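Student: Before anything else, here's the structure in question.
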Protein chains: 2
Amino acid sequence: MSEIKVVTNILKANDELNAVNRKRLDEKAIYVINLMSSPGSGKTSILEKMISRLKDDIKIAVIEGDLYTTIDAQRIEAQGVPVVQINTGGACHLDAYMIKDAIDGIDLDGIELLIVENVGNLVCPAEFEIGEDIKITVLSTTEGNDKPLKYPLAFEKSKAVILNKIDLIEHTNFDKQKFYDDVRSINDKAVFFETSCTKDLGLDGLCEWIENKVKEKQSSKI
Amino acid sequence: MSEIKVVTNILKANDELNAVNRKRLDEKAIYVINLMSSPGSGKTSILEKMISRLKDDIKIAVIEGDLYTTIDAQRIEAQGVPVVQINTGGACHLDAYMIKDAIDGIDLDGIELLIVENVGNLVCPAEFEIGEDIKITVLSTTEGNDKPLKYPLAFEKSKAVILNKIDLIEHTNFDKQKFYDDVRSINDKAVFFETSCTKDLGLDGLCEWIENKVKEKQSSKI
């Protein structure tokens with residue numbers, strides 16, 4: 001049973017560093033989003049769309065989590081915002097320690113919104129707070145409506161849930177009512193967005209919601 | 001650095017139990033498949049199709065890995081084959097210890113093919129051998145062709161790679177040539193199958209390949 005103790009210690013150490021990161025980011029009134037999903041749900045495409053809509057109004061930086069590659073970081077860099085790449089070397093989630101290091105590479109006085117794209121994994125990332133204000137979970141319609149009940153923690157901990165690839169829903173058996181009911185049964189406060197990056201749907205509403213959150217936090221700055 | 005030591009110990013303990021499982025299953029000449037993918041790639045749908053095609057010729061049992069629910073196990077049970085449910089209680093992969101326990105619940109003299117549907121996760125399951133003859137990784141076209149390079153271990157360790165939801169490829173920007181080239185760069189021996197469960201495509205070839213593997217192992221039985 002020694003693993004259980006180890007897991008507890010790892011989570012405790014993570015909590016302490018989460019608090020350190022929070023303090024540092026709160027002092028600058030930087031709004032922080034932890035973006036989570038399965039591989040291939042469309043996190044990076046949504047991020048590209050968000051940045052292109054928001055970057056003229058809000059100063060944005062991105063931390064990209066990936067096992068080995070810089071594929072996503074290159075896509076974000078092309079949007080003209082600062083990016084820090086974290087390669088986990090095979091580890092299945094980002095933790096507060098990795099984020100602490102990554103923040104050292106960012107000019108915190110120059111940004112208002114920090115978006116962390118987590119490793120593509122609907123299980124492990126949800127267990128680790130990294131210094132974020134909110135978590136957002138993305139699910140794509142092609143993954144099936146049964147995912148909230150099968151992977152509840154990510155949906156339970158998210159302030160917003162994005163149903164992406166909404167343009168493909170007609171080619172699937174995705175039951176939208178069941179999906180909403182299931183998320184509501186886990187998390188009765190989540191805000192929902194339906195988006196398609198291919199067809200450019202639903203992204204204005206999502207960006208407006210995020211912009212308001214950022215302005216709200218910025219206005220708390222002394 | 002204590003975590004690294006712990007991980008090593010966990011993997012070593014897993015290797016030992018993997019060998020125990022292998023011995024037990026080899027003695028009965030049972031062919032074992034460890035089926036892996038992201039959430040929502042279509043593992044369970046492929047399994048349903050495989051069982052309905054193969055169950056008259058081969059005696060099959062299934063072990064279903066899920067965090068909390070029995071949604072998939074119920075779908076497989078409806079196909080009329082024995083199913084053992086493993087609920088990991090939040091853990092992100094199956095390990096050899098869980099499989100050892102699950103095997104106790106199966107009449108090994110009554111089966112020739114054991115299929116283990118792993119937890120939906122393209123990262124962690126690939127690290128743990130559980131007693132299988134082969135791993136098969138499923139990727140769906142809607143997840144994007146960049147996944148083999150981003151999550152290489154599952155593709156590297158798989159004897160077969162299934163590209164599922166092939167009927168939806170026309171609605172995506174999935175680059176099939178790039179996908180095949182990338183998998184080949186990691187694993188030059190993998191066999192490929194393209195399938196669609198909705199349109200019932202490519203499943204005959206997949207099932208024929210599996211049936212041959214099962215017969216081959218069975219013929220080694222003394």
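Every chain in the structure tokens takes a letter, A first, then B, and so on in the order presented; its residues are numbered from 1, and the ligands are numbered from 1 following the presented order.
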Residues of chain B in alpha helix (DSSP H) according to DSSP, as a ChimeraX atom specification?

Tutor: /B:2-27,43-54,71-77,96-104,147-150,152-156,176-186,203-219

Student: So that I can see what lies close to Gly205 (chain B), please list as a list in words the residues with an atom at most 10 Å from it, counting only C-alpha atoms and leaving out residues fewer than 3 positions away in the same chain.

Tutor: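 Everything that qualifies: Phe193, Glu194, Thr195, Leu201, Gly202, Glu208, Trp209, Ile210 and Glu211 of chain B.
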
Student: If the cut-off is 7 Å, can you tell me the residues of chain A near chain B, counting only C-alpha atoms? I'd like them as a PyMOL selection string.

Tutor: chain A and resi 38-41+67-69+92+121+123-124+142-144+150

Student: Which residues come within 7 Å of Ile30 (chain B), counting only C-alpha atoms, excluding same-chain residues fewer than 4 positions away, as a list of chain:residue names?

Tutor: B:Leu25, B:Asp26, B:Ile111, B:Glu112, B:Leu113, B:Leu114

Student: Got a sec to tell me which of region 61-106 of chain A DSSP assigns to strand (DSSP E or B), as an MDAnalysis selection string?

Tutor: chainID A and resid 61:66 83:87

Student: Pick the closest to Leu94 (chain B) from B:Thr137, B:Gln74, B:Asn34, B:Thr44: which is it, counting only C-alpha atoms?

Tutor: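 Answer, going by the shortest atom-to-atom distance: B:Asn34.
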
Student: Can you pull out every residue within 7 Å of Val138 (chain A), counting only C-alpha atoms, but drop anything in the same chain fewer than 3 positions away, and send it as a list in words?

Tutor: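 Answer for this query is Met36, Ser37, Ser41, Lys43, Val161, Ile162, Leu163 and Asn164 of chain A.
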